[in-house]
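Structure below is coords.json: JSON, C-alpha atoms.
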[["chain", "number", "residue", "atom", "x", "y", "z"],
["G", 8, "MET", "CA", 0.00, 0.00, 0.00],
["G", 9, "SER", "CA", 2.93, 2.36, 0.65],
["G", 10, "GLU", "CA", 3.47, 3.09, -3.08],
["G", 11, "GLY", "CA", 6.81, 4.79, -2.49],
["G", 12, "PHE", "CA", 5.91, 6.25, 0.89],
["G", 13, "GLU", "CA", 7.78, 5.23, 4.03],
["G", 14, "TRP", "CA", 4.50, 5.13, 5.98],
["G", 15, "ASP", "CA", 0.96, 4.29, 4.97],
["G", 16, "ALA", "CA", -0.27, 6.64, 7.70],
["G", 17, "VAL", "CA", 0.94, 8.84, 10.51],
["G", 18, "ILE", "CA", -1.45, 8.52, 13.44],
["G", 19, "ILE", "CA", -2.14, 11.30, 15.96],
["G", 20, "PRO", "CA", -4.19, 10.10, 18.97],
["G", 21, "GLY", "CA", -6.57, 12.48, 20.68],
["G", 22, "GLY", "CA", -5.43, 14.76, 23.48],
["G", 23, "GLY", "CA", -8.52, 16.81, 24.28],
["G", 24, "VAL", "CA", -10.13, 20.01, 23.08],
["G", 25, "SER", "CA", -11.04, 23.05, 25.16],
["G", 26, "ALA", "CA", -14.50, 24.55, 25.68],
["G", 27, "ASP", "CA", -13.70, 27.17, 23.06],
["G", 28, "GLY", "CA", -12.62, 24.54, 20.52],
["G", 29, "GLU", "CA", -8.85, 24.97, 20.87],
["G", 30, "LEU", "CA", -6.35, 22.13, 20.97],
["G", 31, "PRO", "CA", -4.07, 21.86, 24.04],
["G", 32, "PRO", "CA", -0.30, 22.38, 23.66],
["G", 33, "TRP", "CA", 0.49, 18.65, 23.97],
["G", 34, "THR", "CA", -1.76, 17.85, 21.00],
["G", 35, "LEU", "CA", -0.22, 20.66, 18.96],
["G", 36, "ARG", "CA", 3.22, 19.14, 19.64],
["G", 37, "ARG", "CA", 1.98, 15.81, 18.29],
["G", 38, "LEU", "CA", 0.63, 17.49, 15.16],
["G", 39, "ASP", "CA", 3.80, 19.48, 14.58],
["G", 40, "ALA", "CA", 5.85, 16.28, 14.89],
["G", 41, "ALA", "CA", 3.54, 14.65, 12.36],
["G", 42, "LEU", "CA", 4.11, 17.54, 9.96],
["G", 43, "ALA", "CA", 7.85, 16.87, 10.18],
["G", 44, "VAL", "CA", 7.40, 13.35, 8.78],
["G", 45, "ASP", "CA", 8.58, 13.50, 5.18],
["G", 46, "SER", "CA", 7.07, 10.41, 3.61],
["G", 47, "THR", "CA", 3.52, 9.31, 4.46],
["G", 48, "ARG", "CA", 0.49, 8.59, 2.34],
["G", 49, "TYR", "CA", -2.00, 9.79, 4.97],
["G", 50, "PHE", "CA", -2.27, 11.63, 8.25],
["G", 51, "ILE", "CA", -5.05, 10.33, 10.51],
["G", 52, "THR", "CA", -6.28, 12.30, 13.52],
["G", 53, "LEU", "CA", -8.27, 10.49, 16.19],
["G", 54, "SER", "CA", -11.03, 11.13, 18.75],
["G", 55, "ALA", "CA", -14.41, 12.77, 18.98],
["G", 56, "GLY", "CA", -13.42, 14.16, 22.38],
["G", 57, "THR", "CA", -13.23, 12.77, 25.88],
["G", 58, "PHE", "CA", -15.70, 10.75, 27.93],
["G", 59, "HIS", "CA", -14.87, 12.87, 30.97],
["G", 60, "LYS", "CA", -16.45, 16.17, 29.91],
["G", 61, "PRO", "CA", -18.97, 17.42, 27.34],
["G", 62, "LEU", "CA", -17.98, 18.18, 23.78],
["G", 63, "PRO", "CA", -17.72, 21.89, 23.03],
["G", 64, "VAL", "CA", -20.20, 23.29, 20.51],
["G", 65, "ASP", "CA", -19.79, 25.88, 17.78],
["G", 66, "ALA", "CA", -21.79, 29.08, 17.29],
["G", 67, "ALA", "CA", -24.57, 27.13, 15.58],
["G", 68, "GLY", "CA", -24.77, 24.59, 18.41],
["G", 69, "PHE", "CA", -23.08, 21.70, 16.60],
["G", 70, "PRO", "CA", -20.47, 19.56, 18.41],
["G", 71, "VAL", "CA", -16.81, 20.37, 17.84],
["G", 72, "PHE", "CA", -14.91, 17.13, 17.31],
["G", 73, "GLU", "CA", -11.29, 17.10, 18.38],
["G", 74, "SER", "CA", -10.08, 15.07, 15.41],
["G", 75, "VAL", "CA", -11.69, 17.52, 13.00],
["G", 76, "VAL", "CA", -9.98, 20.49, 14.67],
["G", 77, "ALA", "CA", -6.69, 18.59, 14.47],
["G", 78, "ALA", "CA", -7.27, 17.71, 10.80],
["G", 79, "GLN", "CA", -7.98, 21.37, 10.04],
["G", 80, "TYR", "CA", -4.71, 22.31, 11.74],
["G", 81, "LEU", "CA", -2.82, 19.98, 9.40],
["G", 82, "GLN", "CA", -4.67, 21.36, 6.41],
["G", 83, "ARG", "CA", -3.86, 24.96, 7.38],
["G", 84, "ALA", "CA", -0.21, 23.90, 7.72],
["G", 85, "GLY", "CA", -0.21, 22.90, 4.05],
["G", 86, "VAL", "CA", -1.20, 19.22, 4.01],
["G", 87, "ASP", "CA", -3.50, 18.48, 1.08],
["G", 88, "SER", "CA", -7.00, 17.54, 2.23],
["G", 89, "SER", "CA", -6.77, 14.30, 0.22],
["G", 90, "GLN", "CA", -4.04, 13.16, 2.63],
["G", 91, "VAL", "CA", -5.98, 13.90, 5.82],
["G", 92, "LEU", "CA", -8.39, 11.44, 7.44],
["G", 93, "PHE", "CA", -10.07, 11.51, 10.85],
["G", 94, "GLU", "CA", -12.51, 9.55, 13.01],
["G", 95, "THR", "CA", -15.21, 10.93, 15.33],
["G", 96, "CYS", "CA", -16.35, 7.80, 17.19],
["G", 97, "SER", "CA", -13.78, 7.37, 19.96],
["G", 98, "TYR", "CA", -13.65, 8.89, 23.43],
["G", 99, "ASP", "CA", -10.49, 7.27, 24.81],
["G", 100, "THR", "CA", -7.24, 5.63, 23.69],
["G", 101, "ILE", "CA", -8.70, 2.14, 23.34],
["G", 102, "GLY", "CA", -11.43, 3.57, 21.14],
["G", 103, "ASN", "CA", -8.81, 5.56, 19.20],
["G", 104, "ALA", "CA", -7.08, 2.34, 18.19],
["G", 105, "TYR", "CA", -10.24, 0.27, 17.69],
["G", 106, "TYR", "CA", -12.03, 2.77, 15.46],
["G", 107, "LEU", "CA", -8.85, 3.64, 13.57],
["G", 108, "ARG", "CA", -8.49, 0.00, 12.60],
["G", 109, "THR", "CA", -12.20, -0.51, 11.90],
["G", 110, "ILE", "CA", -12.86, 2.66, 9.91],
["G", 111, "HIS", "CA", -9.58, 3.32, 8.12],
["G", 112, "THR", "CA", -6.69, 0.87, 8.25],
["G", 113, "GLU", "CA", -8.55, -2.38, 7.57],
["G", 114, "PRO", "CA", -10.72, -1.15, 4.65],
["G", 115, "MET", "CA", -7.81, 0.73, 3.06],
["G", 116, "GLN", "CA", -5.14, -1.87, 3.88],
["G", 117, "LEU", "CA", -2.98, 0.72, 5.63],
["G", 118, "ARG", "CA", -0.36, -1.48, 7.21],
["G", 119, "ARG", "CA", 2.71, 0.62, 8.07],
["G", 120, "LEU", "CA", 1.67, 3.02, 10.82],
["G", 121, "LYS", "CA", 3.65, 5.65, 12.72],
["G", 122, "VAL", "CA", 1.94, 6.66, 15.98],
["G", 123, "ILE", "CA", 2.91, 10.01, 17.54],
["G", 124, "THR", "CA", 1.90, 10.98, 21.06],
["G", 125, "SER", "CA", 3.08, 12.67, 24.23],
["G", 126, "GLU", "CA", 5.60, 11.24, 26.68],
["G", 127, "PHE", "CA", 2.99, 11.01, 29.44],
["G", 128, "HIS", "CA", 0.61, 9.17, 27.10],
["G", 129, "MET", "CA", 3.01, 6.83, 25.30],
["G", 130, "PRO", "CA", 3.35, 3.76, 27.57],
["G", 131, "ARG", "CA", -0.41, 3.10, 27.58],
["G", 132, "THR", "CA", -0.79, 4.14, 23.94],
["G", 133, "GLN", "CA", 1.89, 1.71, 22.77],
["G", 134, "ALA", "CA", 0.43, -1.15, 24.81],
["G", 135, "ILE", "CA", -3.07, -0.50, 23.46],
["G", 136, "PHE", "CA", -2.05, -0.11, 19.82],
["G", 137, "GLU", "CA", 0.13, -3.22, 19.89],
["G", 138, "PHE", "CA", -2.83, -5.11, 21.36],
["G", 139, "ILE", "CA", -5.53, -3.78, 18.99],
["G", 140, "PHE", "CA", -3.33, -4.22, 15.90],
["G", 141, "SER", "CA", -2.12, -7.70, 16.86],
["G", 142, "GLU", "CA", -2.70, -10.84, 14.83],
["G", 143, "ARG", "CA", -5.39, -12.05, 17.22],
["G", 144, "PHE", "CA", -7.77, -9.44, 15.74],
["G", 145, "SER", "CA", -6.56, -9.02, 12.16],
["G", 146, "THR", "CA", -4.96, -10.93, 9.32],
["G", 147, "LEU", "CA", -3.29, -7.74, 8.11],
["G", 148, "ASP", "CA", 0.42, -7.81, 8.96],
["G", 149, "TYR", "CA", 0.74, -4.45, 10.69],
["G", 150, "GLU", "CA", 4.05, -2.70, 11.29],
["G", 151, "LEU", "CA", 3.88, -0.11, 14.07],
["G", 152, "ASP", "CA", 6.38, 2.58, 14.97],
["G", 153, "PHE", "CA", 6.04, 4.95, 17.93],
["G", 154, "GLU", "CA", 7.39, 8.49, 18.24],
["G", 155, "VAL", "CA", 7.33, 10.41, 21.53],
["G", 156, "VAL", "CA", 6.98, 14.18, 21.85],
["G", 157, "SER", "CA", 8.23, 15.80, 25.03],
["G", 158, "ASP", "CA", 6.12, 17.00, 27.97],
["G", 159, "LYS", "CA", 8.75, 19.66, 28.72],
["G", 160, "GLY", "CA", 7.35, 23.07, 29.51],
["G", 161, "LEU", "CA", 3.79, 21.89, 30.14],
["G", 162, "ASN", "CA", 2.03, 22.49, 33.45],
["G", 163, "GLU", "CA", 3.97, 20.23, 35.82],
["G", 164, "GLN", "CA", 1.11, 19.61, 38.25],
["G", 165, "VAL", "CA", -1.29, 18.66, 35.46],
["G", 166, "ILE", "CA", 1.21, 16.35, 33.78],
["G", 167, "ALA", "CA", 2.20, 14.72, 37.11],
["G", 168, "GLU", "CA", -1.45, 13.94, 37.84],
["G", 169, "ARG", "CA", -1.93, 12.60, 34.34],
["G", 170, "ARG", "CA", 1.19, 10.40, 34.49],
["G", 171, "LYS", "CA", -0.10, 8.83, 37.71],
["G", 172, "ARG", "CA", -3.48, 8.12, 36.17],
["G", 173, "GLU", "CA", -1.90, 6.78, 32.98],
["G", 174, "ALA", "CA", 0.18, 4.28, 34.99],
["G", 175, "GLU", "CA", -2.90, 3.08, 36.88],
["G", 176, "SER", "CA", -4.94, 2.82, 33.68],
["G", 177, "LEU", "CA", -2.16, 0.87, 31.98],
["G", 178, "GLN", "CA", -2.13, -1.71, 34.75],
["G", 179, "ARG", "CA", -5.92, -2.14, 34.52],
["G", 180, "PHE", "CA", -5.67, -2.48, 30.75],
["G", 181, "LEU", "CA", -2.94, -5.11, 30.94],
["G", 182, "ALA", "CA", -4.88, -7.10, 33.52],
["G", 183, "ARG", "CA", -8.07, -7.13, 31.45],
["G", 184, "SER", "CA", -6.73, -7.38, 27.90],
["G", 185, "GLY", "CA", -4.89, -10.62, 28.55],
["G", 186, "ASP", "CA", -8.26, -12.41, 28.69],
["G", 187, "VAL", "CA", -9.38, -11.06, 25.29],
["G", 188, "LYS", "CA", -8.46, -13.62, 22.62],
["G", 189, "ASN", "CA", -10.42, -12.71, 19.49],
["G", 190, "ALA", "CA", -12.40, -9.95, 17.76],
["G", 191, "ALA", "CA", -15.75, -11.06, 19.20],
["G", 192, "GLU", "CA", -14.40, -10.91, 22.75],
["G", 193, "LEU", "CA", -12.88, -7.48, 22.07],
["G", 194, "HIS", "CA", -16.23, -6.23, 20.77],
["G", 195, "ARG", "CA", -18.01, -7.53, 23.84],
["G", 196, "TRP", "CA", -15.49, -5.92, 26.17],
["G", 197, "LEU", "CA", -15.84, -2.51, 24.53],
["G", 198, "PHE", "CA", -19.60, -2.39, 24.11],
["G", 199, "HIS", "CA", -20.73, -4.26, 27.23],
["G", 200, "GLU", "CA", -18.05, -3.46, 29.82],
["G", 201, "HIS", "CA", -16.15, -0.32, 28.86],
["G", 202, "ASN", "CA", -17.45, 2.85, 30.51],
["G", 203, "ALA", "CA", -17.13, 4.98, 27.37],
["G", 204, "TYR", "CA", -19.07, 2.65, 25.04],
["G", 205, "SER", "CA", -21.56, 0.63, 27.10],
["G", 206, "LEU", "CA", -25.03, 1.68, 28.23],
["G", 207, "GLU", "CA", -24.07, 1.08, 31.85],
["G", 208, "GLY", "CA", -20.88, 3.14, 31.63],
["G", 209, "GLN", "CA", -20.23, 5.45, 34.57],
["G", 210, "ARG", "CA", -18.16, 8.64, 34.51],
["G", 211, "GLU", "CA", -15.46, 8.98, 37.14],
["G", 212, "GLN", "CA", -15.08, 12.01, 39.35],
["G", 213, "LEU", "CA", -11.76, 13.53, 38.31],
["G", 214, "SER", "CA", -9.78, 16.31, 39.96],
["G", 215, "SER", "CA", -9.54, 19.68, 38.24],
["G", 216, "GLU", "CA", -5.89, 18.93, 37.44],
["G", 217, "LEU", "CA", -6.81, 15.71, 35.67],
["G", 218, "LEU", "CA", -9.72, 17.28, 33.80],
["G", 219, "ALA", "CA", -7.34, 19.94, 32.50],
["G", 220, "SER", "CA", -5.35, 17.20, 30.75],
["G", 221, "TYR", "CA", -8.34, 15.89, 28.74]]
Could I get this file's structure written as structure tokens?
Amino acid sequence: MSEGFEWDAVIIPGGGVSADGELPPWTLRRLDAALAVDSTRYFITLSAGTFHKPLPVDAAGFPVFESVVAAQYLQRAGVDSSQVLFETCSYDTIGNAYYLRTIHTEPMQLRRLKVITSEFHMPRTQAIFEFIFSERFSTLDYELDFEVVSDKGLNEQVIAERRKREAESLQRFLARSGDVKNAAELHRWLFHEHNAYSLEGQREQLSSELLASY
């Protein structure tokens, strides 16, 4: 699928969007790193928003999707719109990976993927993407590469809180994902157990510091 490109797609996971529809500095770093990649067929931005707070709305009352704002940033930076894809179904990192594969990479046979995210977000992101794109769920022989962008200069209290939560979430993910052996079991986990995608899902009460990082 690469057709002369080093990557089939550069992937930018979601990092939140503010009430006024602006992307946070950590997401902008991810996007700027993506723009520095010389040879990719597509750029794919991920996430509708976050499960932890409402989506912002525009002047007409329509929801502002994070991945669309990120895609528009790439377009304004000079990326041709034909090279930019996005998804607006996911509300967390597991959903980022699941819907990316379902909506874009499987139908289009995009196999060589470069995933760019923040230092605080990378350990869980890498574990989730390697799980979702593993051979237990797909016959497509994926090749994943991961690039970290620094947290340096960001609000230290916010990032410290987020790192702590990321570590806890990673341990819960590793404990649960080991029991998921095929695509049907993955589907059941997401849509019957996962807070963000099941009818019984409950929102957690997060501190103001944590909410600032979503």
May I have the protein, DNA and RNA residues with any atom at most 12 Å from the point (-3.6, -8.8, 11.9), counting all atoms listed in the file, written as a list in words?
Arg108, Thr109, Thr112, Glu113, Gln116, Leu117, Arg118, Arg119, Phe136, Glu137, Phe138, Ile139, Phe140, Ser141, Glu142, Arg143, Phe144, Ser145, Thr146, Leu147, Asp148, Tyr149, Glu150, Leu151, Asn189 and Ala190 of chain G
When you count only C-alpha atoms, which of these residues is closest to Leu213 of chain G: G:His111, G:Lys60, G:Glu163, G:Glu173?
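Of G:His111, G:Lys60, G:Glu163, G:Glu173, the one nearest Leu213 of chain G, counting only C-alpha atoms, is G:Lys60.
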Measure the distance from atom CA of Val156 of chain G to atom CA of Leu30 of chain G in Å and round it to one decimal.
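Value for the atom CA of Val156 of chain G-atom CA of Leu30 of chain G distance: 15.5 Å.
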Non-local contacts of Gln82 of chain G (12 Å; all atoms listed in the file; under 6 positions in same chain excluded) as a ChimeraX atom specification
/G:38-39,42,49-52,75-76,88-92
Name the residues in contact with Leu197 of chain G at a cut-off of 9 Å, using only C-alpha atoms, excluding same-chain residues fewer than 6 positions from it; report them as a list of chain:residue names.
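The neighbour list is G:Ile101, G:Gly102, G:Ala203, G:Tyr204, G:Ser205.
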Counting only C-alpha atoms, give me one row per residue of segment 40-69 of chain G with an atom at most 12 Å from an atom of segment 20-25 of chain G, showing the shortest contact pair and its distance in Å to one decimal, sorted by chain then residue number, as a Markdown table.
| residue | atom | partner | partner_atom | distance |
| --- | --- | --- | --- | --- |
| G:Ala41 | CA | G:Pro20 | CA | 11.1 |
| G:Phe50 | CA | G:Pro20 | CA | 11.0 |
| G:Ile51 | CA | G:Pro20 | CA | 8.5 |
| G:Thr52 | CA | G:Pro20 | CA | 6.2 |
| G:Leu53 | CA | G:Pro20 | CA | 5.0 |
| G:Ser54 | CA | G:Gly21 | CA | 5.0 |
| G:Ala55 | CA | G:Gly21 | CA | 8.0 |
| G:Gly56 | CA | G:Gly23 | CA | 5.9 |
| G:Thr57 | CA | G:Gly23 | CA | 6.4 |
| G:Phe58 | CA | G:Gly23 | CA | 10.1 |
| G:His59 | CA | G:Gly23 | CA | 10.0 |
| G:Lys60 | CA | G:Gly23 | CA | 9.7 |
| G:Pro61 | CA | G:Ser25 | CA | 10.0 |
| G:Leu62 | CA | G:Val24 | CA | 8.1 |
| G:Pro63 | CA | G:Ser25 | CA | 7.1 |
| G:Val64 | CA | G:Ser25 | CA | 10.3 |
| G:Asp65 | CA | G:Ser25 | CA | 11.8 |
Extending 4 Å beyond the listed atoms of segment 82-92 of chain G on each side, what axis-aligned box results? I want centre and edge lengths in Å to one decimal, as JSON.
{"center_x": -4.3, "center_y": 18.2, "center_z": 4.0, "size_x": 16.2, "size_y": 21.5, "size_z": 15.5}
List as a VMD selection string the protein and nucleic acid residues near Ser46 of chain G, meaning an atom at most 8 Å away when all atoms listed in the file are counted, but skip any in the same chain fewer than 3 places from it.
chain G and resid 12 to 14
